There are 2 protein chains.
Amino acid sequence: MRKQIIALFLIVLPGLAAFSQQALRGAPEIVSPEIHESGKVTIRVLAPDAKEVKVSGDWMPAEGFTPGSAVMTKDDKGVWSYTSDVLPPELYIYNVIVDGFRTTDPANPFMVRDVASVMNIFIIGSGQADMYRVRDVPHGSVTRRWYDSPGNGRKRRITIYTPPGYETSKEKYPVLYLLHGAGGDEEAWITLGRTAQIMDNLIAQGKAKPMIVVLPNGNVSQEAAPGEETRGFYKPQFMAPKTMDGTYEETFKDIIRFVESSYRVKAEKASRAIAGLSMGGFHSLHISRLYPNTFDYIGLFSAAILPRQGNEIPKAYQQFDETLKKQKDNGYKLYWIAIGKTDFLFANNVEYRAKLDKIGMPYTYRESEGGHIWRNWRVYLTEFAPMLFR
Amino acid sequence: MRKQIIALFLIVLPGLAAFSQQALRGAPEIVSPEIHESGKVTIRVLAPDAKEVKVSGDWMPAEGFTPGSAVMTKDDKGVWSYTSDVLPPELYIYNVIVDGFRTTDPANPFMVRDVASVMNIFIIGSGQADMYRVRDVPHGSVTRRWYDSPGNGRKRRITIYTPPGYETSKEKYPVLYLLHGAGGDEEAWITLGRTAQIMDNLIAQGKAKPMIVVLPNGNVSQEAAPGEETRGFYKPQFMAPKTMDGTYEETFKDIIRFVESSYRVKAEKASRAIAGLSMGGFHSLHISRLYPNTFDYIGLFSAAILPRQGNEIPKAYQQFDETLKKQKDNGYKLYWIAIGKTDFLFANNVEYRAKLDKIGMPYTYRESEGGHIWRNWRVYLTEFAPMLFR
């Protein structure tokens, strides 16, 4: 018997390195990105036949909407490389451009999708960047599931973060509804926004109260994120139909009902927050005034204020002033407006704050550097969540 | 007041298309892939400056471990294109190669990672391919969470599929433990394996019983998939340390304990199945004989049989024959062995079946076309799940 076992062992597998034949195709044996202790990053691309290779990263100065790029240097093995200056702690995104062809860095399997674009990511430094890392702390759970939306006549997909200990505790939790921008979906805050890492880290540090974070899909014409619904792998578009016509605001009660009947939550105003970025800030603004005694915490991150100019004003956006005044009279604990100085929505937010000042509606204002970018929205979430449910 | 509302509307946003400044960078305005009703696919790459562009897809004949590729044709706008023959219904993966530089198709944001490689995907045709689509059927939930593994001295990440209705039902469910191969992790069966879609569709068609599917991480040296643990965005390796030294088998009880204490399950042999691909088939083989009265359903998909030849045989793999015989004597309902004719583990499986025949241990054998590829493993899951818990 012993002999037989040995004999079986002698049937040596033809190299375990060939185990998954498909897995090994094409991943070049170079290191990219390489994060240096100094706080610099080196990007490398193996492309011996290319005439020019560039890297385009969000740490480079952009020209308007054109992202910045830098030409890489080729060595005698055909490896192009670029090393940055010391970068501030952050999560960065980049693409590589090979003879004008913009694509992903094949040596870096970590990517995020933003609308229809896919970009590589890396994290550098400590401090704020540590909020985006998976650290050795208790981790919450992230669930993708489907809820019934009678208002939209169908089931829709939603992402739910429950804090560490939720499953074994008997406690009831407060809820933050966190909304994405145009072109986003129920994946955006988890992938680009690093919501699970930010919440895990804030909670572990005692900076935020344990809370459930609900990430719905704000495009009512979608059941789910592209690729996750019956339409299959269609190309994501920037503005889905009906995103800012009031339908989402009017049917948001389906989401609240689902959450409050499916999770152990404190179903009360003092334990509900709503915040969003860009179009999600717009949705938060309008939902919070249309459901005037529902949310004690409101966060507008680089928010749009009013919808696209059309032939008629959708019903949800009529009686703006009256409902705001009602919201003010009902009271709330925090109305937080954050925007970057170079955001293209900056002027709209100045105008909106003037409007709030005029009616004496209190808010807290946070002005940051930078524009309409995920870097700011991650920072805003890191600052906003600790103020909730106090 | 009406006038004021109108005035606010006149602050036209500078084009909603600029909402998320980062989102729009670089996604070329071409359609790729284009799925034709005929069952052909066209891939397009905008690369005016390239000298040669190829597409490399898993529907092309490979030469050994070198994936096949086809040269694309350039039009006068610099768009390279390739149209396949009619393809059998399937989920396919591909990369593009621009002047020798292998990367992803930037016009197709749908990708999967296999170890350290990222590839684009598309689905074509009906029939078997329909099992991989998100269809208009009730959807289960997919949760990423962490469980405690005292045997490994730490918390580890796990993916759990619960069937449609789990959250609102009072029923207890059977459990399939579904294990990945070398280089995989708790994401592999969900992304490359389309487990959620396959289970949703099988259950909707009444072909499989509603069940919980547990997707653990089989690399005990990892807390979680690369990028999801404290080591951050390191480059995934093919064989993590300690993957086939018996540790996973010996600590698998931590996973069973977690599942059976956290979910409404039927904690009995008749309601437990274990299956896996390649290294996961190896793990299933050994776990099922080391826990001999635990599983009534065992599935070996393109399984490895014995670990890498070393100086000594790890304890878990000693007494192979004795424990197999014990497993046989205790009885089970299904021992399913599936492998493709050109799989490099084919001979090992022939040998293993001879061993089972010799000891009179019953099994069901399924031989398919093809090799050690995900296409086969998706098909095997589609065939295996309906046989469970009958």
# chains A, B, ... in the order shown; residues from 1 in each chain; ligands from 1
$ residues_around --residues "segment 74-81 of chain A" --least-positions-apart "3" --cutoff "8 Å" --atoms "only C-alpha atoms" --output "number ranges by chain"
A: 42-49, 53
$ write_last_selection --atoms "C-alpha atoms" --output "mmCIF file, in the first residue's frame"
data_model
loop_
_atom_site.group_PDB
_atom_site.id
_atom_site.type_symbol
_atom_site.label_atom_id
_atom_site.label_comp_id
_atom_site.auth_asym_id
_atom_site.auth_seq_id
_atom_site.Cartn_x
_atom_site.Cartn_y
_atom_site.Cartn_z
ATOM 1 C CA THR A 42 7.187 53.716 -11.149
ATOM 2 C CA ILE A 43 4.986 52.502 -13.999
ATOM 3 C CA ARG A 44 6.464 50.021 -16.480
ATOM 4 C CA VAL A 45 5.230 48.828 -19.864
ATOM 5 C CA LEU A 46 6.828 46.057 -21.908
ATOM 6 C CA ALA A 47 6.347 47.183 -25.498
ATOM 7 C CA PRO A 48 9.553 46.692 -27.503
ATOM 8 C CA ASP A 49 7.901 47.541 -30.813
ATOM 9 C CA VAL A 53 4.540 54.984 -24.717
#
$ residues_around --residues "Asp296 of chain A" --least-positions-apart "4" --cutoff "9 Å" --atoms "only C-alpha atoms" --output "ChimeraX atom specification"
/A:269-274,288,331-335,388-389
$ write_last_selection --atoms "C-alpha atoms" --output "compact mmCIF listing (two decimals), in the first residue's frame"
# COMPACT_ATOMS: atom_id res chain seq x y z
CA LYS A 269 -35.22 60.44 11.40
CA ALA A 270 -32.29 60.73 13.82
CA SER A 271 -30.86 57.51 12.38
CA ARG A 272 -31.22 58.27 8.68
CA ALA A 273 -28.64 60.09 6.56
CA ILE A 274 -28.60 60.69 2.83
CA SER A 288 -34.39 65.15 1.59
CA GLY A 331 -35.37 70.73 11.40
CA TYR A 332 -32.34 68.51 10.92
CA LYS A 333 -28.95 68.03 12.52
CA LEU A 334 -26.59 68.50 9.58
CA TYR A 335 -26.88 69.90 6.08
CA LEU A 388 -23.44 61.18 11.62
CA PHE A 389 -25.75 59.86 14.31
$ closest_residue --among "B:Val96, B:Ile298, B:Val86, B:Ile337" --to "chain A" --atoms "only C-alpha atoms"
B:Val96
$ select_by_dssp --residues "segment 14-120 of chain B" --states "helix (DSSP H, G or I)" --output "list of chain:residue names"
B:Leu16, B:Ala17, B:Ala18, B:Gln21, B:Gln22, B:Ala23, B:Leu24
$ residues_around --residues "His283 of chain B" --least-positions-apart "2" --cutoff "12 Å" --atoms "only C-alpha atoms" --output "JSON, numbers by chain"
{"B": [177, 178, 179, 180, 181, 182, 216, 217, 218, 219, 243, 244, 245, 246, 247, 248, 249, 250, 251, 252, 274, 275, 276, 277, 278, 279, 280, 281, 285, 286, 287, 288, 289, 290, 291, 298, 299, 300, 301, 302, 303, 304, 305, 306, 307, 316, 317]}
$ write_last_selection --atoms "N, CA and C atoms" --output "short mmCIF file (atom, residue, chain, number, x, y, z; two decimals), in the first residue's frame"
data_model
loop_
_atom_site.label_atom_id
_atom_site.label_comp_id
_atom_site.auth_asym_id
_atom_site.auth_seq_id
_atom_site.Cartn_x
_atom_site.Cartn_y
_atom_site.Cartn_z
N TYR B 177 -20.36 23.56 -1.24
CA TYR B 177 -19.06 24.21 -1.09
C TYR B 177 -18.35 24.08 -2.43
N LEU B 178 -18.00 25.21 -3.05
CA LEU B 178 -17.49 25.20 -4.42
C LEU B 178 -16.10 25.85 -4.43
N LEU B 179 -15.10 25.06 -4.78
CA LEU B 179 -13.71 25.46 -4.55
C LEU B 179 -12.98 25.82 -5.84
N HIS B 180 -12.15 26.84 -5.77
CA HIS B 180 -11.42 27.34 -6.94
C HIS B 180 -10.11 26.57 -7.16
N GLY B 181 -9.46 26.87 -8.26
CA GLY B 181 -8.18 26.23 -8.58
C GLY B 181 -6.98 27.07 -8.15
N ALA B 182 -5.80 26.56 -8.46
CA ALA B 182 -4.57 27.27 -8.12
C ALA B 182 -4.57 28.63 -8.79
N PRO B 216 -15.15 29.63 -0.73
CA PRO B 216 -14.07 30.05 0.18
C PRO B 216 -12.79 30.39 -0.61
N ASN B 217 -11.81 30.86 0.12
CA ASN B 217 -10.48 31.08 -0.44
C ASN B 217 -9.61 29.90 -0.04
N GLY B 218 -9.09 29.17 -1.03
CA GLY B 218 -8.36 27.94 -0.77
C GLY B 218 -6.86 28.11 -0.56
N ASN B 219 -6.41 29.36 -0.54
CA ASN B 219 -4.99 29.62 -0.30
C ASN B 219 -4.83 30.06 1.15
N THR B 243 -0.67 25.86 -0.37
CA THR B 243 -1.97 25.58 -0.97
C THR B 243 -2.28 24.09 -1.02
N MET B 244 -1.25 23.24 -1.10
CA MET B 244 -1.50 21.82 -1.24
C MET B 244 -0.67 21.02 -0.24
N ASP B 245 -0.59 21.54 0.97
CA ASP B 245 0.18 20.85 2.00
C ASP B 245 -0.71 20.26 3.09
N GLY B 246 -2.03 20.30 2.88
CA GLY B 246 -2.95 19.70 3.85
C GLY B 246 -3.58 20.69 4.82
N THR B 247 -3.02 21.89 4.90
CA THR B 247 -3.54 22.86 5.87
C THR B 247 -5.00 23.23 5.57
N TYR B 248 -5.29 23.45 4.30
CA TYR B 248 -6.65 23.83 3.93
C TYR B 248 -7.64 22.73 4.29
N GLU B 249 -7.28 21.51 3.95
CA GLU B 249 -8.16 20.39 4.27
C GLU B 249 -8.41 20.30 5.78
N GLU B 250 -7.31 20.45 6.54
CA GLU B 250 -7.43 20.28 7.99
C GLU B 250 -8.23 21.41 8.64
N THR B 251 -8.20 22.60 8.04
CA THR B 251 -8.90 23.74 8.65
C THR B 251 -10.25 24.00 7.99
N PHE B 252 -10.64 23.12 7.07
CA PHE B 252 -11.91 23.34 6.38
C PHE B 252 -13.10 23.29 7.33
N ILE B 274 -19.65 19.06 -1.92
CA ILE B 274 -18.38 19.75 -2.09
C ILE B 274 -17.85 19.43 -3.48
N ALA B 275 -17.42 20.50 -4.19
CA ALA B 275 -16.90 20.31 -5.54
C ALA B 275 -15.88 21.39 -5.80
N GLY B 276 -15.00 21.12 -6.74
CA GLY B 276 -14.01 22.13 -7.07
C GLY B 276 -13.33 21.81 -8.37
N LEU B 277 -12.65 22.81 -8.90
CA LEU B 277 -11.94 22.65 -10.17
C LEU B 277 -10.45 22.56 -9.90
N SER B 278 -9.78 21.69 -10.62
CA SER B 278 -8.32 21.60 -10.58
C SER B 278 -7.84 21.45 -9.13
N MET B 279 -7.12 22.40 -8.59
CA MET B 279 -6.71 22.32 -7.18
C MET B 279 -7.92 22.21 -6.26
N GLY B 280 -9.02 22.83 -6.65
CA GLY B 280 -10.24 22.74 -5.86
C GLY B 280 -10.88 21.36 -5.93
N GLY B 281 -10.65 20.66 -7.06
CA GLY B 281 -11.08 19.28 -7.17
C GLY B 281 -10.23 18.40 -6.25
N LEU B 285 -11.61 16.24 -3.20
CA LEU B 285 -11.30 14.82 -3.04
C LEU B 285 -10.81 14.54 -1.62
N HIS B 286 -9.84 15.35 -1.19
CA HIS B 286 -9.21 15.04 0.10
C HIS B 286 -10.08 15.46 1.28
N ILE B 287 -10.76 16.58 1.18
CA ILE B 287 -11.66 16.98 2.27
C ILE B 287 -12.76 15.94 2.44
N SER B 288 -13.31 15.47 1.32
CA SER B 288 -14.45 14.56 1.43
C SER B 288 -14.05 13.22 2.04
N ARG B 289 -12.79 12.81 1.85
CA ARG B 289 -12.38 11.54 2.49
C ARG B 289 -11.86 11.76 3.91
N LEU B 290 -11.35 12.97 4.19
CA LEU B 290 -10.88 13.26 5.55
C LEU B 290 -12.03 13.56 6.50
N TYR B 291 -13.15 14.00 5.95
CA TYR B 291 -14.38 14.21 6.74
C TYR B 291 -15.38 13.18 6.22
N ILE B 298 -20.01 14.74 -4.06
CA ILE B 298 -18.62 15.15 -4.28
C ILE B 298 -18.42 15.35 -5.78
N GLY B 299 -17.84 16.48 -6.15
CA GLY B 299 -17.59 16.75 -7.56
C GLY B 299 -16.13 17.10 -7.81
N LEU B 300 -15.49 16.32 -8.67
CA LEU B 300 -14.10 16.61 -9.04
C LEU B 300 -14.08 17.10 -10.48
N PHE B 301 -13.85 18.40 -10.65
CA PHE B 301 -13.83 18.99 -12.00
C PHE B 301 -12.37 19.14 -12.41
N SER B 302 -11.93 18.39 -13.41
CA SER B 302 -10.53 18.49 -13.87
C SER B 302 -9.57 18.47 -12.68
N ALA B 303 -9.80 17.54 -11.79
CA ALA B 303 -9.11 17.58 -10.50
C ALA B 303 -7.66 17.13 -10.59
N ALA B 304 -6.81 17.81 -9.83
CA ALA B 304 -5.52 17.24 -9.47
C ALA B 304 -5.80 16.15 -8.43
N ILE B 305 -4.92 15.15 -8.39
CA ILE B 305 -5.18 14.01 -7.50
C ILE B 305 -4.24 14.03 -6.30
N LEU B 306 -2.98 14.24 -6.58
CA LEU B 306 -2.00 14.23 -5.48
C LEU B 306 -1.14 15.49 -5.57
N PRO B 307 -0.58 15.89 -4.44
CA PRO B 307 0.18 17.14 -4.45
C PRO B 307 1.53 16.95 -5.10
N ALA B 316 -1.96 15.00 5.69
CA ALA B 316 -3.32 14.91 5.17
C ALA B 316 -3.44 13.94 4.01
N TYR B 317 -2.31 13.68 3.32
CA TYR B 317 -2.38 12.83 2.13
C TYR B 317 -1.86 11.42 2.40
#
$ select_by_dssp --residues "segment 85-242 of chain B" --states "strand (DSSP E or B)" --output "number ranges by chain"
B: 90-98, 101-103, 111-114, 117-124, 141-149, 154-162, 173, 175-179, 212-215
$ closest_residue --among "B:Lys266, B:Arg231, B:Lys207, B:Lys40" --to "chain A" --atoms "only C-alpha atoms"
B:Arg231
